[in-house]
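coords.csv follows (CSV, C-alpha atoms):
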chain,number,residue,atom,x,y,z
J,5,MET,CA,-0.7,14.1,-35.5
J,6,LYS,CA,3.1,13.5,-35.4
J,7,LYS,CA,4.1,9.9,-35.3
J,8,HIS,CA,6.4,8.7,-32.6
J,9,ALA,CA,6.4,5.1,-33.7
J,10,ASP,CA,10.0,4.7,-32.5
J,11,HIS,CA,9.4,6.1,-29.0
J,12,PRO,CA,8.2,3.6,-26.4
J,13,ASP,CA,6.0,6.4,-25.2
J,14,GLU,CA,3.1,4.2,-23.9
J,15,LEU,CA,5.5,2.2,-21.7
J,16,LEU,CA,7.2,5.2,-20.0
J,17,PRO,CA,4.7,5.5,-17.0
J,18,TRP,CA,5.3,1.9,-16.2
J,19,TYR,CA,9.0,2.3,-16.6
J,20,VAL,CA,8.8,5.1,-14.0
J,21,ASN,CA,6.8,3.0,-11.5
J,22,GLY,CA,9.2,0.1,-11.9
J,23,THR,CA,6.8,-2.5,-13.1
J,24,LEU,CA,8.2,-3.2,-16.6
J,25,VAL,CA,9.8,-6.5,-16.9
J,26,ASN,CA,12.1,-8.4,-19.2
J,27,GLY,CA,12.5,-7.0,-22.7
J,28,GLU,CA,10.2,-4.0,-22.3
J,29,ARG,CA,12.3,-2.5,-19.5
J,30,GLN,CA,15.5,-3.1,-21.4
J,31,ASN,CA,14.1,-1.6,-24.6
J,32,VAL,CA,13.1,1.5,-22.8
J,33,GLU,CA,16.4,1.9,-21.1
J,34,THR,CA,18.3,1.5,-24.3
J,35,HIS,CA,16.0,4.0,-26.0
J,36,LEU,CA,16.5,6.6,-23.2
J,37,LEU,CA,20.3,6.5,-23.7
J,38,SER,CA,19.8,8.4,-27.0
J,39,CYS,CA,16.5,10.2,-26.7
J,40,GLU,CA,16.4,13.5,-24.9
J,41,ARG,CA,12.6,13.9,-25.5
J,42,CYS,CA,11.8,10.7,-23.7
J,43,ARG,CA,14.2,11.4,-20.9
J,44,GLN,CA,12.3,14.7,-20.3
J,45,GLU,CA,9.1,12.8,-20.4
J,46,VAL,CA,10.4,10.3,-17.8
J,47,SER,CA,11.5,13.2,-15.6
J,48,TRP,CA,8.0,14.8,-15.9
J,49,LEU,CA,6.4,11.4,-15.0
J,50,GLN,CA,8.7,11.0,-12.1
J,51,ASN,CA,7.7,14.4,-10.7
J,52,LEU,CA,4.0,13.5,-11.2
J,53,ARG,CA,4.4,10.2,-9.4
J,54,ALA,CA,6.3,11.9,-6.5
J,55,GLN,CA,3.6,14.5,-6.1
J,56,ILE,CA,0.8,11.8,-6.2
J,57,LYS,CA,2.6,9.8,-3.6
J,58,ASP,CA,2.9,12.8,-1.4
J,59,ASP,CA,-0.8,13.4,-1.5
J,60,VAL,CA,-1.6,11.0,1.4
J,61,SER,CA,-5.2,10.8,2.5
J,62,PRO,CA,-6.2,10.8,6.2
J,63,GLU,CA,-7.3,7.4,7.4
J,64,PRO,CA,-10.7,6.6,8.9
J,65,GLY,CA,-9.0,5.3,12.1
J,66,VAL,CA,-10.3,3.0,14.7
J,67,PHE,CA,-14.0,3.9,14.0
J,68,GLY,CA,-13.7,2.1,10.7
J,69,LEU,CA,-12.6,-1.1,12.4
J,70,ASN,CA,-15.3,-0.9,15.1
J,71,ARG,CA,-18.0,-0.4,12.4
J,72,LEU,CA,-16.7,-3.4,10.5
J,73,LEU,CA,-16.6,-5.6,13.5
J,74,ARG,CA,-20.1,-4.5,14.4
J,75,GLU,CA,-21.5,-5.2,11.0
J,76,SER,CA,-19.7,-8.4,10.5
J,77,GLY,CA,-21.5,-9.8,13.5
J,78,LEU,CA,-18.3,-10.7,15.3
J,79,LYS,CA,-18.2,-10.2,19.0
J,80,ARG,CA,-15.1,-8.4,20.4
J,81,VAL,CA,-13.1,-10.8,22.5
J,82,PRO,CA,-11.5,-8.9,25.5
J,83,THR,CA,-9.0,-11.6,26.5
J,84,ARG,CA,-6.4,-13.2,24.4
J,85,THR,CA,-7.5,-16.5,22.8
J,86,PRO,CA,-5.2,-19.3,22.0
J,87,GLY,CA,-2.8,-18.6,19.1
J,88,PRO,CA,-4.7,-19.1,15.8
J,89,TRP,CA,-3.6,-21.9,13.6
J,90,TRP,CA,-2.6,-19.5,10.8
J,91,ARG,CA,-0.2,-17.5,12.8
J,92,PRO,CA,2.9,-19.7,12.2
J,93,ALA,CA,2.2,-19.5,8.4
J,94,LEU,CA,1.8,-15.7,8.7
J,95,ALA,CA,5.0,-15.4,10.7
J,96,ALA,CA,6.9,-17.3,8.0
J,97,ALA,CA,5.6,-15.0,5.3
J,98,ALA,CA,5.6,-11.7,7.2
J,99,VAL,CA,9.1,-12.2,8.6
J,100,ILE,CA,10.5,-11.8,5.1
J,101,ILE,CA,8.9,-8.3,5.0
J,102,VAL,CA,10.6,-7.1,8.1
J,103,ILE,CA,13.8,-9.0,8.2
J,104,GLN,CA,15.9,-10.0,5.2
J,105,SER,CA,18.5,-12.1,7.1
J,106,ALA,CA,18.1,-15.9,6.8
J,107,ILE,CA,19.7,-16.2,10.2
J,108,LEU,CA,16.7,-14.4,11.8
J,109,ILE,CA,14.3,-16.7,10.0
J,110,ASP,CA,16.0,-19.6,11.8
J,111,PHE,CA,15.7,-17.8,15.1
J,112,LEU,CA,12.0,-17.2,14.7
J,113,SER,CA,11.3,-20.8,13.7
J,114,ARG,CA,12.5,-22.0,17.1
J,115,PRO,CA,9.6,-22.6,19.5
J,116,THR,CA,8.9,-19.5,21.6
J,117,PRO,CA,6.6,-19.6,24.6
J,118,ILE,CA,3.2,-18.1,23.9
J,119,THR,CA,2.2,-17.7,27.5
J,120,THR,CA,-1.5,-17.1,26.9
J,121,LEU,CA,-2.4,-20.5,25.4
J,122,GLY,CA,-5.7,-21.4,27.0
J,123,GLY,CA,-4.9,-19.4,30.0
J,124,PRO,CA,-5.0,-15.9,31.5
J,125,ALA,CA,-3.6,-12.8,29.7
J,126,ALA,CA,0.2,-12.4,29.8
J,127,GLU,CA,1.3,-11.0,33.1
J,128,GLY,CA,4.0,-8.4,33.6
J,129,VAL,CA,5.0,-5.7,31.2
J,130,VAL,CA,4.7,-6.2,27.4
J,131,LEU,CA,6.4,-4.0,24.8
J,132,GLN,CA,5.8,-3.8,21.1
J,133,VAL,CA,8.9,-3.6,18.9
J,134,LYS,CA,9.9,-3.6,15.2
J,135,PHE,CA,13.3,-4.8,14.2
J,136,ALA,CA,15.5,-3.3,11.5
J,137,PRO,CA,15.5,-5.2,8.3
J,138,ASP,CA,19.2,-6.0,8.4
J,139,ALA,CA,19.4,-6.8,12.1
J,140,THR,CA,20.9,-10.2,12.6
J,141,GLU,CA,19.5,-12.9,14.9
J,142,ALA,CA,22.7,-12.8,17.1
J,143,ARG,CA,22.4,-9.1,17.7
J,144,ILE,CA,18.7,-9.2,18.4
J,145,ARG,CA,19.2,-12.1,20.8
J,146,GLN,CA,22.1,-10.3,22.5
J,147,LEU,CA,20.0,-7.2,23.0
J,148,LEU,CA,17.0,-9.0,24.3
J,149,GLN,CA,19.2,-10.9,26.8
J,150,LYS,CA,20.7,-7.6,27.9
J,151,VAL,CA,17.3,-6.1,28.7
J,152,ARG,CA,15.9,-9.4,30.0
J,153,ALA,CA,13.1,-9.5,27.5
J,154,GLY,CA,11.5,-12.6,25.9
J,155,LEU,CA,9.7,-12.8,22.6
J,156,ILE,CA,6.1,-13.8,23.1
J,157,ASP,CA,4.4,-13.1,19.8
J,158,GLY,CA,4.8,-11.8,16.3
J,159,PRO,CA,5.4,-10.7,13.8
J,160,GLY,CA,2.0,-9.4,12.9
J,161,ALA,CA,1.2,-8.3,9.3
J,162,LEU,CA,2.7,-5.0,10.1
J,163,GLY,CA,5.9,-6.5,11.4
J,164,VAL,CA,5.3,-5.8,15.1
J,165,TYR,CA,6.6,-8.2,17.7
J,166,ARG,CA,5.6,-8.4,21.4
J,167,LEU,CA,8.2,-8.8,24.1
J,168,ARG,CA,7.6,-9.5,27.8
J,169,LEU,CA,10.0,-8.0,30.3
J,170,GLU,CA,11.2,-10.5,32.9
J,171,GLY,CA,11.2,-9.6,36.5
J,172,VAL,CA,9.5,-6.2,35.9
J,173,GLN,CA,6.2,-5.3,37.3
J,174,ALA,CA,3.8,-2.9,35.8
J,175,ALA,CA,4.4,-0.4,38.6
J,176,HIS,CA,8.1,-0.3,38.0
J,177,ASN,CA,8.0,2.7,35.7
J,178,GLN,CA,11.6,3.6,35.9
J,179,ALA,CA,12.8,0.1,35.1
J,180,ILE,CA,10.4,0.0,32.2
J,181,LEU,CA,11.7,3.4,30.9
J,182,ASN,CA,15.3,2.1,31.3
J,183,VAL,CA,14.5,-0.9,29.1
J,184,ILE,CA,12.7,1.3,26.5
J,185,GLY,CA,15.7,3.6,26.5
J,186,GLU,CA,18.1,0.8,26.0
J,187,LEU,CA,16.1,-0.6,23.1
J,188,SER,CA,15.7,2.8,21.5
J,189,ALA,CA,19.4,3.5,21.8
J,190,HIS,CA,20.1,0.5,19.4
J,191,ARG,CA,18.5,2.1,16.3
J,192,ASP,CA,20.4,-0.4,14.1
J,193,ILE,CA,18.5,-3.2,15.7
J,194,VAL,CA,15.2,-1.8,17.0
J,195,THR,CA,13.3,0.8,14.8
J,196,TYR,CA,10.2,1.1,17.0
J,197,VAL,CA,9.4,0.4,20.7
J,198,ALA,CA,6.4,1.2,22.7
J,199,ARG,CA,4.7,-0.1,25.9
J,200,GLU,CA,1.6,-2.1,25.1
P,25,MET,CA,11.4,-13.1,-2.4
P,26,GLN,CA,10.6,-9.5,-3.3
P,27,LYS,CA,8.9,-7.4,-0.7
P,28,THR,CA,5.6,-7.1,-2.6
P,29,GLU,CA,5.5,-10.9,-3.1
P,30,ALA,CA,6.1,-11.4,0.7
P,31,ILE,CA,3.3,-9.0,1.5
P,32,GLY,CA,1.0,-10.8,-0.9
P,33,THR,CA,1.8,-14.1,0.7
P,34,ALA,CA,1.1,-12.7,4.2
P,35,ALA,CA,-2.2,-11.3,2.9
P,36,ALA,CA,-3.2,-14.7,1.4
P,37,VAL,CA,-2.5,-16.4,4.8
P,38,LEU,CA,-4.8,-13.8,6.5
P,39,LEU,CA,-7.5,-14.6,3.9
P,40,LYS,CA,-7.3,-18.3,4.9
P,41,GLY,CA,-7.7,-17.3,8.5
P,42,MET,CA,-10.7,-15.1,7.6
P,43,ALA,CA,-12.2,-18.0,5.6
P,44,ALA,CA,-12.1,-20.0,8.8
P,45,GLY,CA,-14.0,-17.2,10.6
P,46,ASP,CA,-11.1,-15.9,12.6
P,47,GLU,CA,-11.6,-12.4,13.9
P,48,ALA,CA,-7.9,-11.8,14.6
P,49,ALA,CA,-7.2,-12.4,10.9
P,50,LEU,CA,-9.9,-9.9,9.9
P,51,ARG,CA,-8.4,-7.3,12.3
P,52,GLU,CA,-4.9,-7.8,10.8
P,53,PHE,CA,-6.2,-7.7,7.3
P,54,TYR,CA,-8.1,-4.5,8.0
P,55,GLN,CA,-4.9,-2.9,9.5
P,56,ALA,CA,-2.9,-4.0,6.4
P,57,PHE,CA,-5.3,-2.7,3.8
P,58,HIS,CA,-7.6,-0.1,5.2
P,59,GLY,CA,-5.3,2.8,4.3
P,60,ARG,CA,-5.0,1.8,0.6
P,61,VAL,CA,-8.7,1.0,0.1
P,62,TYR,CA,-9.8,4.3,1.8
P,63,SER,CA,-7.3,6.3,-0.2
P,64,PHE,CA,-8.4,4.6,-3.4
P,65,ALA,CA,-12.0,5.5,-2.8
P,66,LEU,CA,-11.4,9.0,-1.5
P,67,LYS,CA,-9.3,10.0,-4.5
P,68,ARG,CA,-12.2,9.1,-6.8
P,69,LEU,CA,-15.2,10.0,-4.7
P,70,ARG,CA,-13.8,13.1,-3.0
P,71,ASP,CA,-16.1,12.5,-0.1
P,72,PRO,CA,-14.8,11.0,3.2
P,73,ALA,CA,-18.2,9.6,4.2
P,74,ASP,CA,-18.6,7.8,0.9
P,75,ALA,CA,-15.0,6.6,1.0
P,76,ALA,CA,-15.6,5.2,4.5
P,77,ASP,CA,-18.7,3.4,3.3
P,78,VAL,CA,-16.7,1.9,0.4
P,79,LEU,CA,-14.0,0.8,2.9
P,80,ASN,CA,-16.6,-0.9,5.1
P,81,GLU,CA,-18.4,-2.6,2.2
P,82,VAL,CA,-15.1,-3.8,0.7
P,83,MET,CA,-14.0,-5.3,4.0
P,84,LEU,CA,-17.3,-6.9,4.6
P,85,GLU,CA,-17.3,-8.5,1.1
P,86,VAL,CA,-13.7,-9.7,1.6
P,87,TRP,CA,-14.7,-11.2,4.9
P,88,ARG,CA,-17.7,-13.0,3.4
P,89,SER,CA,-15.9,-14.2,0.3
P,90,ALA,CA,-12.4,-14.9,1.6
P,91,SER,CA,-12.9,-18.6,0.9
P,92,ARG,CA,-13.5,-17.9,-2.8
P,93,PHE,CA,-10.2,-16.1,-3.4
P,94,GLU,CA,-8.4,-18.5,-5.7
P,95,GLY,CA,-5.0,-16.9,-5.8
P,96,ARG,CA,-5.1,-16.2,-9.5
P,97,SER,CA,-4.1,-12.6,-8.8
P,98,GLN,CA,-2.4,-10.7,-6.0
P,99,VAL,CA,-4.6,-10.2,-3.0
P,100,SER,CA,-4.3,-6.4,-3.4
P,101,THR,CA,-5.5,-6.7,-7.0
P,102,TRP,CA,-8.5,-8.6,-5.9
P,103,VAL,CA,-9.3,-6.2,-3.0
P,104,LEU,CA,-8.9,-3.1,-5.2
P,105,GLY,CA,-11.0,-4.7,-7.9
P,106,ILE,CA,-13.8,-5.0,-5.3
P,107,ALA,CA,-13.3,-1.4,-4.3
P,108,HIS,CA,-13.4,-0.3,-7.9
P,109,HIS,CA,-16.9,-1.8,-8.3
P,110,LYS,CA,-18.1,-0.3,-5.0
P,111,VAL,CA,-16.9,3.1,-6.2
P,112,ILE,CA,-18.6,2.7,-9.5
P,113,ASP,CA,-21.9,1.8,-7.7
P,114,ILE,CA,-21.7,5.1,-5.8
P,115,LEU,CA,-20.9,7.2,-8.8
P,116,ARG,CA,-23.9,5.7,-10.6
P,117,ARG,CA,-26.1,6.4,-7.6
P,118,ARG,CA,-24.9,10.0,-7.7
P,119,LYS,CA,-25.7,10.1,-11.3
P,120,ASP,CA,-22.2,11.3,-12.1
P,121,GLN,CA,-21.5,10.1,-15.6
P,122,PRO,CA,-17.9,8.9,-15.8
P,123,GLN,CA,-16.4,10.6,-18.8
P,124,GLU,CA,-15.1,7.7,-20.8
P,125,GLU,CA,-13.2,8.1,-24.1
P,126,PHE,CA,-13.3,11.4,-25.8
P,127,ASP,CA,-12.5,12.5,-29.4
P,128,PRO,CA,-8.8,11.7,-29.9
P,129,ASP,CA,-8.8,14.3,-32.7
P,130,SER,CA,-9.2,16.9,-30.0
P,131,ILE,CA,-5.7,16.2,-28.8
P,132,VAL,CA,-3.2,18.5,-30.3
P,133,ASP,CA,0.0,16.8,-30.5
P,134,ASP,CA,2.1,19.9,-30.4
P,135,GLY,CA,1.1,20.6,-26.8
P,136,PRO,CA,3.5,21.7,-24.1
P,137,ALA,CA,6.7,19.8,-23.8
P,138,ALA,CA,7.3,18.0,-20.5
P,139,VAL,CA,10.3,20.2,-19.6
P,140,ASP,CA,8.0,23.3,-19.8
P,141,VAL,CA,5.4,21.9,-17.4
P,142,ILE,CA,7.6,20.6,-14.6
P,143,ALA,CA,7.8,24.0,-12.9
P,144,SER,CA,4.0,24.2,-12.6
P,145,MET,CA,3.8,20.8,-11.0
P,146,GLN,CA,5.8,22.1,-8.0
P,147,ASP,CA,2.5,23.6,-6.8
P,148,ALA,CA,0.6,20.7,-5.1
P,149,ALA,CA,-2.6,22.6,-5.1
P,150,GLN,CA,-2.4,23.1,-8.9
P,151,LEU,CA,-1.6,19.5,-9.4
P,152,ARG,CA,-4.6,18.4,-7.2
P,153,ARG,CA,-6.9,20.7,-9.1
P,154,CYS,CA,-5.8,19.2,-12.4
P,155,LEU,CA,-6.2,15.7,-11.1
P,156,ASP,CA,-9.7,16.7,-9.9
P,157,GLU,CA,-10.6,17.8,-13.5
P,158,LEU,CA,-9.9,14.3,-14.8
P,159,SER,CA,-12.7,11.9,-15.4
P,160,ASP,CA,-13.1,9.0,-12.9
P,161,ALA,CA,-11.7,6.5,-15.5
P,162,HIS,CA,-8.5,8.7,-15.9
P,163,ARG,CA,-8.1,9.3,-12.1
P,164,LEU,CA,-8.3,5.5,-11.6
P,165,VAL,CA,-5.4,4.9,-13.9
P,166,VAL,CA,-3.3,7.6,-12.4
P,167,HIS,CA,-3.9,6.4,-8.9
P,168,LEU,CA,-3.2,2.8,-9.6
P,169,ALA,CA,-0.1,3.5,-11.7
P,170,PHE,CA,1.5,6.2,-9.5
P,171,PHE,CA,0.1,5.8,-6.0
P,172,GLU,CA,-0.2,2.0,-6.0
P,173,ASP,CA,2.7,1.4,-8.5
P,174,LEU,CA,0.8,-1.3,-10.3
P,175,ALA,CA,1.7,-2.9,-13.6
P,176,TYR,CA,-0.6,-2.1,-16.5
P,177,GLU,CA,-1.9,-5.7,-16.6
P,178,GLU,CA,-3.0,-5.4,-13.0
P,179,ILE,CA,-4.6,-2.1,-13.6
P,180,ALA,CA,-6.5,-3.7,-16.5
P,181,ARG,CA,-7.7,-6.5,-14.2
P,182,ILE,CA,-8.9,-4.1,-11.5
P,183,ALA,CA,-10.6,-1.7,-14.0
P,184,ASP,CA,-12.0,-4.7,-15.9
P,185,CYS,CA,-10.9,-3.3,-19.2
P,186,PRO,CA,-8.3,-4.3,-21.9
P,187,VAL,CA,-4.6,-3.4,-21.4
P,188,GLY,CA,-4.8,-1.2,-24.5
P,189,THR,CA,-7.5,0.9,-22.9
P,190,VAL,CA,-5.3,1.4,-19.8
P,191,LYS,CA,-2.5,2.6,-21.9
P,192,THR,CA,-4.8,4.9,-24.0
P,193,ARG,CA,-6.2,6.4,-20.8
P,194,MET,CA,-2.8,7.1,-19.4
P,195,PHE,CA,-1.8,8.7,-22.7
P,196,HIS,CA,-4.8,11.0,-22.4
P,197,VAL,CA,-4.1,11.7,-18.7
P,198,ARG,CA,-0.6,12.9,-19.6
P,199,ARG,CA,-1.9,15.3,-22.2
P,200,LEU,CA,-4.8,16.6,-20.1
P,201,MET,CA,-2.5,17.2,-17.1
P,202,LYS,CA,0.0,19.1,-19.1
P,203,ASP,CA,-2.7,21.2,-20.7
P,204,CYS,CA,-4.2,21.9,-17.4
P,205,LEU,CA,-0.9,22.8,-15.6
P,206,THR,CA,0.0,25.1,-18.5
P,207,ARG,CA,-3.3,26.8,-18.3
P,208,LEU,CA,-2.9,27.4,-14.5
P,209,ASN,CA,0.7,28.5,-14.9
P,210,PRO,CA,1.2,30.0,-18.3
P,211,ARG,CA,4.7,31.2,-17.5
P,212,ALA,CA,5.8,27.5,-17.3
P,213,ALA,CA,5.0,27.2,-21.0
P,214,LEU,CA,7.5,29.7,-22.0
P,215,SER,CA,10.5,28.0,-23.7
P,216,ASP,CA,14.0,28.9,-22.7
Would you mind writing the file's structure down as structure tokens?
Amino acid sequence: MKKHADHPDELLPWYVNGTLVNGERQNVETHLLSCERCRQEVSWLQNLRAQIKDDVSPEPGVFGLNRLLRESGLKRVPTRTPGPWWRPALAAAAVIIVIQSAILIDFLSRPTPITTLGGPAAEGVVLQVKFAPDATEARIRQLLQKVRAGLIDGPGALGVYRLRLEGVQAAHNQAILNVIGELSAHRDIVTYVARE
Amino acid sequence: MQKTEAIGTAAAVLLKGMAAGDEAALREFYQAFHGRVYSFALKRLRDPADAADVLNEVMLEVWRSASRFEGRSQVSTWVLGIAHHKVIDILRRRKDQPQEEFDPDSIVDDGPAAVDVIASMQDAAQLRRCLDELSDAHRLVVHLAFFEDLAYEEIARIADCPVGTVKTRMFHVRRLMKDCLTRLNPRAALSD
């Protein structure tokens, strides 16, 4: 067997997936500058990784969650319960996933009305939105004021916020469509919007 | 804070909620992890029903033992470690014998060069077939390294084996894949 003692061969897969740290990463990068063989191997591994990532499995969908809830012995609660104690902590952690701007972190730390605390479900029309990672607090606030929407909840673990439209009833379909259209038109601020 | 750290922090917060018996936290945790756990199980078991069983058992175990998560590893590492053991249980029940280490002398070092095998990897079906030929232990390393993008230390924790074993298995995977792809597409082995 040929010896490749000078080649950091065993580290190349982890160089490709970006998890090498400190000296290992630097050593590999330095070696690659002068080794065609290892560069070819990196290229092959990059192709392999790309193909594996493309091979996405279908998901079990809502049936999996229903089965879990059934077997965990939890009862499904149809109405909204008061905000759980962990949600502020989750919001503080999850906001970093969705929004990089420190300005928006300040925006979200201000008290926002959660209208369902101990009471009936939120009235009116509720939309679910996701904000662009580099959207600033000022631009989000400006857009929400323009469409007369208020933040009532979020972000969830998937980065989804809930907005309530002021002065719009559920039957006002055209008004709702106008708001969704306005939000959708600002792709640099809102990356996803849907009626709840 | 890096994105992966932020996601881990969010997941840890959800675990605290689940430890307190909060259903909403369980729902959010399920939404955040069910795709990864299901994919992990399906790639190894190759059966949707068994993969769905693993997903359900993993989530139930996480729900029941959320208070015991000590934060010594990432939440995802902990969850996939549970999933790994559930998959192994099913494989044993099937009486599939995971092919562990094989004779390293069987590896011929002058196998196909990487550049000669890239063309055959364009065919996703051929790639999938070659991945299916791998042993479970080898498929595990490939999935965690290239689908989950985990560091070798994390893979070792999930697979419950030494880091050296992870690296050795990856070495074997690379050679086996190249041999298989060359076999399926001999023209790719012709040098320029």
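Of the listed residues (P:Arg88, P:Lys110, P:His58, P:Arg153), P:Arg153 comes nearest to P:Arg207; the distances count only C-alpha atoms.
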Between atom CA of J:Ala136 and atom CA of J:Tyr196 - distance in Å to one decimal: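 Answer for the atom CA of J:Tyr196 to atom CA of J:Ala136 separation: 8.8 Å.
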Among listed residues P:Ala35, P:Ile179, P:Ala75, P:Val166, nearest P:Gly95 (using all atoms listed in the file): P:Ala35
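Shortest separation to chain P among J:Asn21, J:Ser38, J:Gln50, J:Gln30 occurs at residue J:Asn21, atoms counted being all atoms listed in the file.
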Residue nearest J:Ala54 among P:Ala90, P:Cys154, P:Ile182, P:Ala148 (counting only C-alpha atoms): P:Ala148
For atom CA of P:Ser89 and atom CA of P:Ala43, the interatomic separation in Å (one decimal): 7.5 Å
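Minimum atom-to-atom distance to chain P, evaluated using all atoms listed in the file, belongs to J:Glu45 out of J:Glu186, J:Asp157, J:Asp192, J:Glu45.
The gap separating atom CA of P:Leu38 from atom CA of P:Phe53 is 6.3 Å, in Å to one decimal.
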Counting all atoms listed in the file, the option among J:Gly171, J:Gly68, J:Pro159, J:Pro12 closest to chain P: J:Gly68
All residues 9 Å or closer to J:Pro17, all atoms listed in the file, same chain fewer than 2 positions away omitted, as a list of chain:residue names: J:Asp13, J:Glu14, J:Leu15, J:Tyr19, J:Val20, J:Asn21, J:Gly22, J:Val46, J:Leu49, J:Gln50, J:Arg53, P:Ala169, P:Phe170, P:Met194
Spatial neighbours of P:Arg116, max dist 12 Å, only C-alpha atoms, sep filter under 6 positions, as an MDAnalysis selection string: chainID P and resid 69 109:110 122 160
Output the selection as a CSV table (one decimal), in the coordinates of the input - C-alpha atoms for each residue.
chain,number,residue,atom,x,y,z
P,69,LEU,CA,-15.2,10.0,-4.7
P,109,HIS,CA,-16.9,-1.8,-8.3
P,110,LYS,CA,-18.1,-0.3,-5.0
P,122,PRO,CA,-17.9,8.9,-15.8
P,160,ASP,CA,-13.1,9.0,-12.9
Nearby residues (all atoms listed in the file) at most 12 Å from J:Asn182, same-chain spacing under 3 positions excluded, as a ChimeraX atom specification: /J:150-152,169,172,176-179,185-189
Exercise: P:Arg152 partners within 9 Å, only C-alpha atoms, chain neighbours under 5 positions left out, as a list of chain:residue names: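 My list of contacting residues is J:Ile56, J:Asp59, P:Asp147, P:Glu157.
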